[in-house]
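Below is work_19.txt, which holds compact mmCIF, C-alpha atoms and all ligand atoms.
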# COMPACT_ATOMS: atom_id res chain seq x y z
CA THR X 1 -14.37 87.19 -124.89
CA THR X 2 -16.00 87.17 -121.50
CA ARG X 3 -15.12 89.76 -118.93
CA LYS X 4 -15.80 88.79 -115.33
CA LEU X 5 -16.94 91.58 -113.02
CA LEU X 6 -17.64 91.39 -109.33
CA LEU X 7 -20.07 94.07 -108.16
CA LEU X 8 -19.93 94.89 -104.45
CA PRO X 9 -22.63 97.53 -103.92
CA GLY X 10 -22.22 97.69 -100.13
CA ASP X 11 -24.45 99.85 -97.95
CA GLY X 12 -26.55 103.02 -98.09
CA ILE X 13 -26.60 104.58 -101.56
CA GLY X 14 -24.14 101.96 -102.88
CA PRO X 15 -26.85 99.61 -104.22
CA GLU X 16 -28.87 102.46 -105.75
CA ALA X 17 -25.88 103.79 -107.65
CA MET X 18 -24.79 100.27 -108.66
CA ALA X 19 -28.18 99.62 -110.25
CA GLU X 20 -27.43 102.41 -112.77
CA VAL X 21 -24.14 100.75 -113.73
CA GLU X 22 -25.97 97.46 -114.22
CA LYS X 23 -28.16 99.22 -116.80
CA LEU X 24 -25.01 100.37 -118.57
CA ILE X 25 -23.48 96.90 -118.51
CA ALA X 26 -26.63 95.46 -120.08
CA ALA X 27 -26.59 98.17 -122.77
CA ILE X 28 -22.89 97.70 -123.60
CA ASN X 29 -23.32 93.93 -123.79
CA GLU X 30 -26.31 94.26 -126.05
CA GLU X 31 -25.03 96.98 -128.35
CA ALA X 32 -21.31 96.26 -128.45
CA GLY X 33 -21.11 92.58 -127.55
CA ALA X 34 -18.80 93.45 -124.65
CA GLY X 35 -19.32 90.07 -122.95
CA PHE X 36 -19.48 91.37 -119.40
CA GLU X 37 -20.57 88.75 -116.89
CA SER X 38 -21.35 90.44 -113.62
CA GLU X 39 -22.09 88.97 -110.28
CA ARG X 40 -23.20 90.77 -107.10
CA ALA X 41 -21.89 90.03 -103.62
CA LEU X 42 -22.10 91.65 -100.20
CA VAL X 43 -19.56 93.88 -98.49
CA GLY X 44 -19.61 96.11 -95.41
CA GLY X 45 -22.53 96.27 -93.01
CA SER X 46 -24.79 94.24 -95.27
CA ALA X 47 -22.17 91.46 -95.36
CA TYR X 48 -21.84 91.63 -91.58
CA ASP X 49 -25.60 91.20 -91.21
CA ALA X 50 -25.57 88.17 -93.53
CA HIS X 51 -22.25 86.47 -92.67
CA GLY X 52 -20.91 88.10 -89.50
CA ALA X 53 -17.90 89.49 -91.43
CA ALA X 54 -17.41 92.63 -93.54
CA ILE X 55 -16.61 90.35 -96.48
CA SER X 56 -16.92 86.56 -96.52
CA ASP X 57 -14.02 84.32 -97.56
CA ALA X 58 -16.10 83.02 -100.48
CA ASP X 59 -16.76 86.55 -101.76
CA MET X 60 -13.09 87.43 -101.25
CA THR X 61 -12.26 84.51 -103.57
CA LEU X 62 -14.68 85.90 -106.16
CA ALA X 63 -12.90 89.25 -105.94
CA MET X 64 -9.47 87.65 -106.42
CA ASP X 65 -10.72 85.74 -109.48
CA ALA X 66 -12.62 88.59 -111.14
CA ASP X 67 -11.13 90.62 -114.00
CA ALA X 68 -12.23 93.74 -112.09
CA VAL X 69 -14.21 94.70 -109.00
CA LEU X 70 -16.66 97.60 -108.78
CA PHE X 71 -17.24 98.70 -105.19
CA GLY X 72 -20.00 101.00 -103.91
CA ALA X 73 -19.65 102.31 -100.37
CA VAL X 74 -19.77 100.84 -96.90
CA GLY X 75 -20.88 101.91 -93.44
CA GLY X 76 -23.70 103.70 -91.69
CA PRO X 77 -25.05 104.35 -88.20
CA LYS X 78 -26.64 100.88 -88.06
CA TRP X 79 -23.17 99.32 -87.71
CA ASP X 80 -21.51 101.83 -85.39
CA GLY X 81 -21.48 99.26 -82.57
CA VAL X 82 -20.14 96.17 -84.38
CA PRO X 83 -16.79 94.69 -83.24
CA TYR X 84 -13.76 96.56 -84.59
CA GLU X 85 -12.48 93.70 -86.77
CA SER X 86 -15.92 93.33 -88.41
CA ARG X 87 -16.59 97.05 -88.96
CA PRO X 88 -17.74 97.87 -92.51
CA GLU X 89 -14.42 99.47 -93.57
CA ALA X 90 -12.67 96.19 -92.77
CA GLY X 91 -14.17 94.76 -95.96
CA LEU X 92 -12.53 97.43 -98.11
CA LEU X 93 -9.22 97.19 -96.25
CA ARG X 94 -9.13 93.41 -96.77
CA LEU X 95 -9.86 93.81 -100.49
CA ARG X 96 -7.03 96.36 -100.84
CA LYS X 97 -4.60 94.20 -98.89
CA ASP X 98 -5.37 90.77 -100.39
CA MET X 99 -5.59 92.14 -103.94
CA GLY X 100 -2.28 94.02 -103.45
CA LEU X 101 -3.76 97.35 -104.60
CA PHE X 102 -0.79 99.68 -104.14
CA ALA X 103 -1.71 102.34 -106.72
CA ASN X 104 -4.66 104.60 -106.04
CA LEU X 105 -5.81 106.75 -108.98
CA ARG X 106 -7.80 109.84 -108.11
CA PRO X 107 -8.71 111.88 -111.17
CA ALA X 108 -9.80 115.48 -110.71
CA ILE X 109 -11.89 116.33 -113.73
CA CYS X 110 -13.97 119.45 -113.95
CA TYR X 111 -16.82 119.12 -116.40
CA PRO X 112 -17.33 122.52 -118.05
CA ALA X 113 -21.01 122.56 -117.02
CA LEU X 114 -19.97 122.39 -113.36
CA ALA X 115 -17.05 124.85 -113.43
CA GLU X 116 -19.32 127.54 -111.97
CA ALA X 117 -19.93 125.41 -108.86
CA SER X 118 -16.24 124.91 -108.07
CA SER X 119 -14.79 126.54 -104.99
CA LEU X 120 -12.24 128.20 -107.28
CA LYS X 121 -12.47 130.74 -110.07
CA ARG X 122 -14.08 129.31 -113.16
CA GLU X 123 -11.12 129.84 -115.51
CA LEU X 124 -8.80 127.98 -113.14
CA VAL X 125 -10.80 124.75 -113.28
CA ASP X 126 -12.86 124.79 -116.49
CA GLY X 127 -11.75 121.72 -118.44
CA LEU X 128 -9.39 120.58 -115.65
CA ASP X 129 -8.25 116.95 -116.11
CA ILE X 130 -5.48 115.82 -113.77
CA LEU X 131 -4.72 112.49 -112.17
CA ILE X 132 -3.31 112.06 -108.68
CA LEU X 133 -1.57 108.75 -108.14
CA ARG X 134 -1.30 107.91 -104.44
CA GLU X 135 0.82 105.05 -103.07
CA LEU X 136 -1.73 103.08 -101.05
CA THR X 137 -0.07 100.22 -99.15
CA GLY X 138 3.10 101.70 -97.63
CA GLY X 139 4.35 104.77 -95.82
CA VAL X 140 3.43 106.21 -92.47
CA TYR X 141 -0.02 104.61 -92.27
CA PHE X 142 1.53 101.14 -92.11
CA GLY X 143 5.18 101.52 -91.06
CA GLU X 144 6.42 99.92 -87.82
CA PRO X 145 6.86 100.79 -85.01
CA LYS X 146 3.44 102.33 -84.59
CA GLU X 147 2.54 102.80 -80.94
CA ILE X 148 1.83 105.00 -77.97
CA ILE X 149 4.48 104.56 -75.28
CA ASP X 150 3.85 105.54 -71.66
CA LEU X 151 7.02 107.35 -70.54
CA GLY X 152 5.98 107.05 -66.89
CA ASN X 153 6.43 110.74 -65.99
CA GLY X 154 2.93 111.75 -67.00
CA GLN X 155 4.13 111.93 -70.59
CA LYS X 156 3.35 109.62 -73.50
CA ARG X 157 5.03 109.30 -76.87
CA GLY X 158 3.04 108.64 -80.04
CA VAL X 159 5.06 106.99 -82.78
CA ASP X 160 4.29 106.45 -86.45
CA THR X 161 7.01 105.42 -88.84
CA GLN X 162 7.34 106.45 -92.47
CA VAL X 163 9.02 103.61 -94.37
CA TYR X 164 9.49 103.12 -98.12
CA GLU X 165 11.64 100.56 -99.87
CA THR X 166 13.03 100.87 -103.38
CA TYR X 167 10.64 98.32 -104.91
CA GLU X 168 7.58 100.15 -103.55
CA ILE X 169 8.70 103.44 -105.08
CA GLU X 170 9.73 101.77 -108.35
CA ARG X 171 6.35 100.17 -108.94
CA ILE X 172 4.32 103.31 -108.19
CA ALA X 173 6.71 105.35 -110.37
CA ARG X 174 6.25 102.91 -113.26
CA ALA X 175 2.49 103.11 -112.86
CA ALA X 176 2.72 106.92 -113.02
CA PHE X 177 4.84 106.92 -116.19
CA GLU X 178 2.60 104.32 -117.87
CA LEU X 179 -0.48 106.41 -117.08
CA ALA X 180 1.19 109.57 -118.34
CA ARG X 181 1.89 107.82 -121.66
CA THR X 182 -1.87 107.42 -122.15
CA ARG X 183 -2.44 111.09 -121.26
CA ARG X 184 -0.37 114.26 -121.82
CA GLY X 185 3.03 112.71 -121.07
CA LYS X 186 3.91 114.63 -117.91
CA VAL X 187 4.60 113.41 -114.35
CA THR X 188 5.14 115.58 -111.28
CA SER X 189 6.58 113.70 -108.29
CA MET X 190 5.93 115.21 -104.86
CA GLU X 191 7.79 114.49 -101.60
CA LYS X 192 9.63 116.39 -98.87
CA ARG X 193 13.26 115.54 -99.57
CA ASN X 194 14.31 118.68 -97.67
CA VAL X 195 13.21 117.15 -94.33
CA MET X 196 12.55 113.41 -94.88
CA LYS X 197 14.89 110.51 -95.74
CA THR X 198 11.99 108.73 -97.46
CA GLY X 199 11.63 111.88 -99.56
CA VAL X 200 15.30 111.71 -100.61
CA LEU X 201 14.91 108.04 -101.58
CA TRP X 202 11.59 108.69 -103.35
CA ASN X 203 13.15 111.43 -105.45
CA GLU X 204 16.20 109.28 -106.27
CA VAL X 205 14.20 106.19 -107.28
CA VAL X 206 11.62 108.07 -109.37
CA THR X 207 14.46 109.86 -111.19
CA ALA X 208 16.26 106.55 -111.83
CA VAL X 209 13.16 104.74 -113.17
CA HIS X 210 12.48 107.72 -115.43
CA GLY X 211 16.01 107.80 -116.84
CA ARG X 212 16.14 104.04 -117.42
CA GLU X 213 12.67 103.32 -118.76
CA TYR X 214 10.63 106.42 -119.58
CA PRO X 215 12.79 109.08 -121.25
CA ASP X 216 9.80 110.03 -123.44
CA ILE X 217 7.88 111.36 -120.41
CA ALA X 218 8.48 114.83 -118.92
CA LEU X 219 9.31 114.51 -115.20
CA ASP X 220 9.55 117.23 -112.62
CA HIS X 221 9.81 117.22 -108.83
CA MET X 222 8.06 119.45 -106.33
CA LEU X 223 8.06 119.65 -102.55
CA ALA X 224 4.65 118.40 -101.47
CA ASP X 225 3.68 121.55 -99.57
CA ALA X 226 4.53 123.76 -102.53
CA GLY X 227 2.63 121.26 -104.69
CA GLY X 228 -0.45 121.84 -102.56
CA MET X 229 -0.19 125.56 -103.23
CA LYS X 230 0.23 125.06 -106.96
CA LEU X 231 -2.73 122.69 -107.01
CA VAL X 232 -4.98 125.48 -105.77
CA GLN X 233 -3.24 128.35 -107.59
CA ASN X 234 -2.94 126.84 -111.07
CA PRO X 235 -4.10 123.19 -111.19
CA LYS X 236 -4.10 122.90 -114.99
CA GLN X 237 -0.26 122.88 -115.04
CA PHE X 238 -0.37 119.24 -113.89
CA ASP X 239 -1.03 115.99 -115.75
CA VAL X 240 -0.11 113.06 -113.45
CA ILE X 241 0.98 113.74 -109.86
CA VAL X 242 2.66 110.81 -108.09
CA THR X 243 3.13 110.89 -104.35
CA ASP X 244 3.21 108.82 -101.17
CA ASN X 245 0.32 107.53 -99.07
CA LEU X 246 0.06 110.45 -96.63
CA PHE X 247 0.64 113.34 -99.04
CA GLY X 248 -1.56 111.59 -101.61
CA ASP X 249 -4.41 111.33 -99.13
CA MET X 250 -4.37 115.07 -98.59
CA LEU X 251 -3.49 116.28 -102.07
CA SER X 252 -6.22 114.12 -103.65
CA ASP X 253 -8.86 115.49 -101.28
CA ILE X 254 -7.72 119.04 -102.09
CA ALA X 255 -7.87 118.28 -105.81
CA ALA X 256 -11.33 116.75 -105.37
CA MET X 257 -12.68 120.01 -104.05
CA LEU X 258 -11.52 121.83 -107.17
CA THR X 259 -14.20 119.99 -109.09
CA GLY X 260 -17.46 120.25 -107.15
CA SER X 261 -19.57 117.51 -105.57
CA LEU X 262 -18.50 114.27 -103.94
CA GLY X 263 -21.19 112.68 -106.09
CA MET X 264 -19.01 113.23 -109.19
CA LEU X 265 -15.70 111.69 -108.15
CA PRO X 266 -14.48 108.25 -109.27
CA SER X 267 -11.34 106.36 -108.24
CA ALA X 268 -9.40 103.23 -109.09
CA SER X 269 -6.94 101.08 -107.16
CA LEU X 270 -4.56 98.87 -109.12
CA GLY X 271 -2.23 96.02 -108.21
CA ALA X 272 0.97 94.84 -109.87
CA PRO X 273 0.78 93.36 -113.37
CA ASP X 274 0.58 89.56 -113.35
CA GLU X 275 3.91 88.07 -114.45
CA VAL X 276 2.26 85.80 -117.02
CA THR X 277 -0.79 87.68 -118.31
CA GLY X 278 0.30 91.27 -117.62
CA LYS X 279 -3.14 91.91 -116.17
CA ARG X 280 -3.49 93.94 -112.99
CA ARG X 281 -5.94 93.21 -110.18
CA ALA X 282 -8.18 96.26 -109.90
CA LEU X 283 -10.93 97.76 -107.80
CA TYR X 284 -12.96 100.80 -108.84
CA GLU X 285 -15.05 102.88 -106.46
CA PRO X 286 -16.66 106.27 -106.07
CA VAL X 287 -14.89 108.54 -103.59
CA HIS X 288 -18.09 109.22 -101.63
CA GLY X 289 -19.40 107.13 -98.73
CA SER X 290 -22.76 105.48 -98.13
CA ALA X 291 -24.59 108.80 -97.58
CA PRO X 292 -27.07 107.50 -94.99
CA ASP X 293 -28.81 110.90 -94.99
CA ILE X 294 -30.16 110.35 -98.51
CA ALA X 295 -30.07 106.52 -98.83
CA GLY X 296 -33.16 104.71 -100.08
CA GLN X 297 -34.76 107.86 -101.47
CA GLY X 298 -33.61 107.75 -105.08
CA LEU X 299 -31.70 111.03 -104.61
CA ALA X 300 -28.10 109.84 -104.96
CA ASN X 301 -25.99 111.08 -107.84
CA PRO X 302 -24.86 107.94 -109.70
CA ILE X 303 -22.19 109.76 -111.76
CA ALA X 304 -19.29 108.95 -109.38
CA MET X 305 -20.12 105.26 -109.72
CA ILE X 306 -20.68 105.47 -113.49
CA ALA X 307 -17.40 107.37 -113.92
CA SER X 308 -15.69 104.65 -111.85
CA PHE X 309 -17.06 102.13 -114.35
CA ALA X 310 -15.64 104.29 -117.15
CA MET X 311 -12.23 104.06 -115.47
CA MET X 312 -12.69 100.28 -115.38
CA LEU X 313 -13.33 100.21 -119.12
CA ARG X 314 -10.18 102.30 -119.66
CA TYR X 315 -7.71 100.67 -117.27
CA SER X 316 -8.85 97.04 -116.91
CA PHE X 317 -10.21 96.32 -120.39
CA GLU X 318 -8.44 98.82 -122.65
CA MET X 319 -11.88 99.84 -123.95
CA VAL X 320 -10.62 103.38 -124.47
CA ALA X 321 -13.19 104.44 -127.09
CA GLU X 322 -16.02 103.17 -124.91
CA ALA X 323 -14.62 104.95 -121.83
CA ASP X 324 -14.29 108.19 -123.82
CA ALA X 325 -17.86 107.79 -125.09
CA LEU X 326 -19.20 107.24 -121.59
CA GLU X 327 -17.38 110.28 -120.20
CA ALA X 328 -18.64 112.32 -123.17
CA ALA X 329 -22.18 111.13 -122.40
CA ILE X 330 -21.83 112.34 -118.80
CA ALA X 331 -20.58 115.74 -120.03
CA ALA X 332 -23.43 115.99 -122.57
CA ILE X 333 -26.09 115.23 -119.96
CA LEU X 334 -24.62 117.88 -117.65
CA ASP X 335 -24.45 120.39 -120.53
CA ALA X 336 -28.14 119.71 -121.18
CA GLY X 337 -28.88 120.83 -117.62
CA THR X 338 -29.88 117.47 -116.13
CA ARG X 339 -28.84 117.45 -112.46
CA THR X 340 -29.28 115.47 -109.28
CA GLY X 341 -29.87 117.51 -106.12
CA ASP X 342 -26.21 117.68 -105.06
CA ILE X 343 -25.18 119.48 -108.28
CA MET X 344 -28.43 121.34 -108.93
CA ALA X 345 -28.07 124.89 -110.29
CA PRO X 346 -30.51 127.62 -111.32
CA GLY X 347 -32.16 126.93 -114.69
CA CYS X 348 -31.37 123.20 -114.57
CA ARG X 349 -33.77 120.27 -114.35
CA GLN X 350 -33.60 118.18 -111.15
CA VAL X 351 -33.83 114.41 -111.52
CA GLY X 352 -33.39 111.35 -109.28
CA THR X 353 -30.83 108.54 -109.40
CA ALA X 354 -32.63 106.33 -111.92
CA GLU X 355 -33.49 109.15 -114.27
CA MET X 356 -29.87 110.35 -114.31
CA GLY X 357 -28.73 106.79 -115.05
CA ASP X 358 -31.29 106.38 -117.84
CA ALA X 359 -30.24 109.69 -119.40
CA ILE X 360 -26.58 108.65 -119.47
CA VAL X 361 -27.40 105.20 -120.90
CA ALA X 362 -29.48 106.86 -123.62
CA ALA X 363 -26.70 109.36 -124.44
P1 LIG X 401 -20.56 110.53 -97.46
O1 LIG X 401 -19.69 110.66 -98.65
O2 LIG X 401 -21.35 109.30 -97.35
O3 LIG X 401 -21.58 111.79 -97.45
C1 LIG X 401 -21.15 113.14 -97.28
C2 LIG X 401 -22.24 114.09 -97.82
O4 LIG X 401 -22.23 114.05 -99.26
C3 LIG X 401 -23.65 113.68 -97.41
O5 LIG X 401 -24.43 114.83 -97.18
C4 LIG X 401 -24.17 112.92 -98.60
O6 LIG X 401 -25.57 112.97 -98.74
C5 LIG X 401 -23.47 113.61 -99.77
N1 LIG X 401 -23.22 112.65 -100.86
C6 LIG X 401 -22.26 111.68 -100.89
N2 LIG X 401 -22.34 110.97 -102.02
C7 LIG X 401 -23.36 111.50 -102.72
C8 LIG X 401 -23.95 111.17 -103.98
N3 LIG X 401 -23.50 110.17 -104.75
N4 LIG X 401 -25.00 111.91 -104.39
C9 LIG X 401 -25.47 112.91 -103.65
N5 LIG X 401 -24.96 113.28 -102.46
C10 LIG X 401 -23.92 112.56 -102.00
O7 LIG X 401 -19.63 110.74 -96.18
P2 LIG X 401 -20.02 110.65 -94.62
O8 LIG X 401 -21.37 111.24 -94.40
O9 LIG X 401 -18.86 111.21 -93.94
O10 LIG X 401 -20.08 109.10 -94.28
C11 LIG X 401 -21.27 108.31 -94.30
C12 LIG X 401 -20.89 106.85 -94.12
O11 LIG X 401 -20.10 106.42 -95.24
C13 LIG X 401 -20.04 106.59 -92.89
O12 LIG X 401 -20.45 105.36 -92.33
C14 LIG X 401 -18.64 106.50 -93.43
O13 LIG X 401 -17.82 105.68 -92.63
C15 LIG X 401 -18.89 105.86 -94.77
N6 LIG X 401 -17.83 106.13 -95.78
C16 LIG X 401 -17.50 105.09 -96.59
C17 LIG X 401 -16.57 105.25 -97.59
C18 LIG X 401 -16.29 104.08 -98.48
O14 LIG X 401 -17.05 103.13 -98.49
N7 LIG X 401 -15.22 104.12 -99.24
C19 LIG X 401 -15.89 106.54 -97.81
C20 LIG X 401 -16.37 107.59 -96.94
C21 LIG X 401 -17.29 107.37 -95.95
MG MG X 402 -8.79 111.04 -97.40
Rewrite the structure from the file as structure tokens, please.
Ligand code: NAI
Ligand code: MG
Amino acid sequence: TTRKLLLLPGDGIGPEAMAEVEKLIAAINEEAGAGFESERALVGGSAYDAHGAAISDADMTLAMDADAVLFGAVGGPKWDGVPYESRPEAGLLRLRKDMGLFANLRPAICYPALAEASSLKRELVDGLDILILRELTGGVYFGEPKEIIDLGNGQKRGVDTQVYETYEIERIARAAFELARTRRGKVTSMEKRNVMKTGVLWNEVVTAVHGREYPDIALDHMLADAGGMKLVQNPKQFDVIVTDNLFGDMLSDIAAMLTGSLGMLPSASLGAPDEVTGKRRALYEPVHGSAPDIAGQGLANPIAMIASFAMMLRYSFEMVAEADALEAAIAAILDAGTRTGDIMAPGCRQVGTAEMGDAIVAA
């Protein structure tokens, strides 16, 4: 088999971190005959410099045709003045939109070696492994009307509209239950049905999909504000949390901070399964940005990018053993005290981007 990957390193530390994944791809091809064929293309500011757009139509076609896309990060002060429609983020937004990526997976995993560095008490987060599933293409960020109206009496009215339709909730609910089946079999759905009609519908549809199709999974419901409290008070009670675009944005950032550095956090965004092949379009990316303050210096932590590649192995290629092995290699390297600057701790050995990548490849 051949597996077609599109690598979009982007700007700043994106290319440096991507280079470490390319080492891994070469190693997996050589040692396990994985058949990855990877191609690099431009996105963000670097694409704007080359093509005058944050992603070219030709590269967009490559993304649509790839089995999976690995994305680095985009943006930086160099492009602060470019026209709004060509700004670096526009490349990522177009990828999400054209690829139909409605399901955003944000794992919060706390490697035991880093539990000390968490903002919470060690025992609360040591061994934490939860997955927040955020609806990414609907809700209040996209609903119409969305406007500022001049009321003419010195007052204005800002309007955003939260809208969800049954099919949007059904597909994110199915994704949550499917993911839970590969994990600990538990889904917690979060909304605000006490004050929002979309919350009432969300609760109703998730409950119906569960009853019809996933009786083997444990489902519970929580109000999203209470869920935020529980996430900080006792995060290990959760397995998969499924929630809307707005609450998911916030809850996933809260969960991220349970685990330590931005340089450690991967994510995935998935589309609907193809009706013929069952395969989902997918884009994997670290949560961090382009980190202009450390770009080009070999200081970036490549683990977020490498862990995003591990998610790709797991969710796009069903290479579960390989994904487990890669995550175990990351844990082993951290246990051995190898650290980039962002996760450095007393008694550990500080290394740069390439050395961290090499250590993980070797492990
Ligand atoms: P950032 O995530 O780039 O950096 C925040 C801080 O974390 C910086 O001090 C940085 O050095 C550090 N950091 C981030 N990733 C790291 C890594 N892998 N290893 C070590 N340290 C790391 O966020 P910031 O500074 O707010 O944004 C910088 C640029 O990135 C902006 O242009 C922003 O628009 C863009 N950005 C892009 C994103 C994307 O492409 N998805 C997401 C967030 C920001
Ligand atoms: Mg956010």
**OP:** Quote the spacing between atom C12 of ligand LIG 401 (chain X) and atom CA of Gly12 of chain X in Å to one decimal place.
**Re:**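 About the pair atom C12 of ligand LIG 401 (chain X) and atom CA of Gly12 of chain X: they are 7.9 Å apart.
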**OP:** Would you mind telling me which residue in X:Gly100, X:Gly127, X:Ala282, X:Leu334 lies nearest to Leu313 of chain X when using only C-alpha atoms?
**Re:**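 Closest residue, counting only C-alpha atoms: X:Ala282.
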Original post:
Do you know which residues are at most 10 Å from Pro235 of chain X counting only C-alpha atoms, after dropping those on the same chain fewer than 2 positions away, and could you put them as a PyMOL selection string?
Top reply: chain X and resi 108+124-125+128-130+227-233+237-239+255+258
Take the residues that were just selected and, keeping C-alpha atoms, output them as a compact mmCIF listing (two decimals), keeping the file's coordinate frame.
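Final output, saved to selection_25.txt:
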# COMPACT_ATOMS: atom_id res chain seq x y z
CA ALA X 108 -9.80 115.48 -110.71
CA LEU X 124 -8.80 127.98 -113.14
CA VAL X 125 -10.80 124.75 -113.28
CA LEU X 128 -9.39 120.58 -115.65
CA ASP X 129 -8.25 116.95 -116.11
CA ILE X 130 -5.48 115.82 -113.77
CA GLY X 227 2.63 121.26 -104.69
CA GLY X 228 -0.45 121.84 -102.56
CA MET X 229 -0.19 125.56 -103.23
CA LYS X 230 0.23 125.06 -106.96
CA LEU X 231 -2.73 122.69 -107.01
CA VAL X 232 -4.98 125.48 -105.77
CA GLN X 233 -3.24 128.35 -107.59
CA GLN X 237 -0.26 122.88 -115.04
CA PHE X 238 -0.37 119.24 -113.89
CA ASP X 239 -1.03 115.99 -115.75
CA ALA X 255 -7.87 118.28 -105.81
CA LEU X 258 -11.52 121.83 -107.17
Using all atoms listed in the file and a cutoff of 12 Å, can you tell me which residues are near (-36.4, 109.9, -112.1) in the file's coordinates, and write them out as a short mmCIF file (atom, residue, chain, number, x, y, z; two decimals) with C-alpha atoms, in the frame of the given file?
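The resulting point.cif:
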data_model
loop_
_atom_site.label_atom_id
_atom_site.label_comp_id
_atom_site.auth_asym_id
_atom_site.auth_seq_id
_atom_site.Cartn_x
_atom_site.Cartn_y
_atom_site.Cartn_z
CA GLU X 20 -27.43 102.41 -112.77
CA GLN X 297 -34.76 107.86 -101.47
CA GLY X 298 -33.61 107.75 -105.08
CA LEU X 299 -31.70 111.03 -104.61
CA ALA X 300 -28.10 109.84 -104.96
CA ASN X 301 -25.99 111.08 -107.84
CA PRO X 302 -24.86 107.94 -109.70
CA THR X 338 -29.88 117.47 -116.13
CA ARG X 339 -28.84 117.45 -112.46
CA THR X 340 -29.28 115.47 -109.28
CA GLY X 341 -29.87 117.51 -106.12
CA ARG X 349 -33.77 120.27 -114.35
CA GLN X 350 -33.60 118.18 -111.15
CA VAL X 351 -33.83 114.41 -111.52
CA GLY X 352 -33.39 111.35 -109.28
CA THR X 353 -30.83 108.54 -109.40
CA ALA X 354 -32.63 106.33 -111.92
CA GLU X 355 -33.49 109.15 -114.27
CA MET X 356 -29.87 110.35 -114.31
CA GLY X 357 -28.73 106.79 -115.05
CA ASP X 358 -31.29 106.38 -117.84
CA ALA X 359 -30.24 109.69 -119.40
#
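Proximity ranking of X:Leu219, X:Val159, X:Ala332, X:Leu136 relative to ligand MG 402 (chain X) places X:Leu136 first, based on all atoms listed in the file.
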Can you list every residue of chain X that has an atom at most 9 Å from ligand MG 402 (chain X), with its nearest atom pair and the distance in Å to one decimal, using all atoms listed in the file, ordered by chain then number, as a Markdown table?
| residue | atom | partner | partner_atom | distance |
| --- | --- | --- | --- | --- |
| X:Leu246 | CA | X:MG402 | MG | 8.9 |
| X:Gly248 | CA | X:MG402 | MG | 8.4 |
| X:Asp249 | CA | X:MG402 | MG | 4.7 |
| X:Met250 | CA | X:MG402 | MG | 6.1 |
| X:Leu251 | CA | X:MG402 | MG | 8.8 |
| X:Ser252 | CA | X:MG402 | MG | 7.4 |
| X:Asp253 | CA | X:MG402 | MG | 5.9 |
Subject >> Atomic distance atom CA of Gly14 of chain X - atom CA of Ala90 of chain X, expressed in Å with one decimal >> reply: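 Computing the Euclidean distance for atom CA of Gly14 of chain X and atom CA of Ala90 of chain X yields 16.3 Å.
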Counting all atoms listed in the file, give me one row per residue of chain X with an atom at most 6 Å from an atom of ligand LIG 401 (chain X), showing the shortest contact pair and its distance in Å to one decimal, sorted by chain then residue number, as CSV.
residue,atom,partner,partner_atom,distance
X:Ala73,CA,X:LIG401,O14,3.3
X:Val74,CA,X:LIG401,O14,3.9
X:Gly75,CA,X:LIG401,O12,3.6
X:Gly76,CA,X:LIG401,O12,3.7
X:Leu262,CA,X:LIG401,N2,5.4
X:Gly263,CA,X:LIG401,N3,3.7
X:His288,CA,X:LIG401,O1,3.7
X:Gly289,CA,X:LIG401,O2,3.2
X:Ser290,CA,X:LIG401,O11,4.0
X:Ala291,CA,X:LIG401,O2,3.3
X:Pro292,CA,X:LIG401,C11,5.9
X:Asp293,CA,X:LIG401,O6,5.4
X:Ile294,CA,X:LIG401,O6,5.3
X:Ala300,CA,X:LIG401,N4,3.8
X:Asn301,CA,X:LIG401,N4,3.7
X:Pro302,CA,X:LIG401,N3,5.6
X:Asp342,CA,X:LIG401,C9,5.0
**OP:** Kindly indicate which residue among X:Pro9, X:Gly278, X:Pro273, X:Gly199 lies nearest to Ser46 of chain X, using all atoms listed in the file for the distances.
**Re:**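 Ranking X:Pro9, X:Gly278, X:Pro273, X:Gly199 by distance to Ser46 of chain X, first place goes to X:Pro9.
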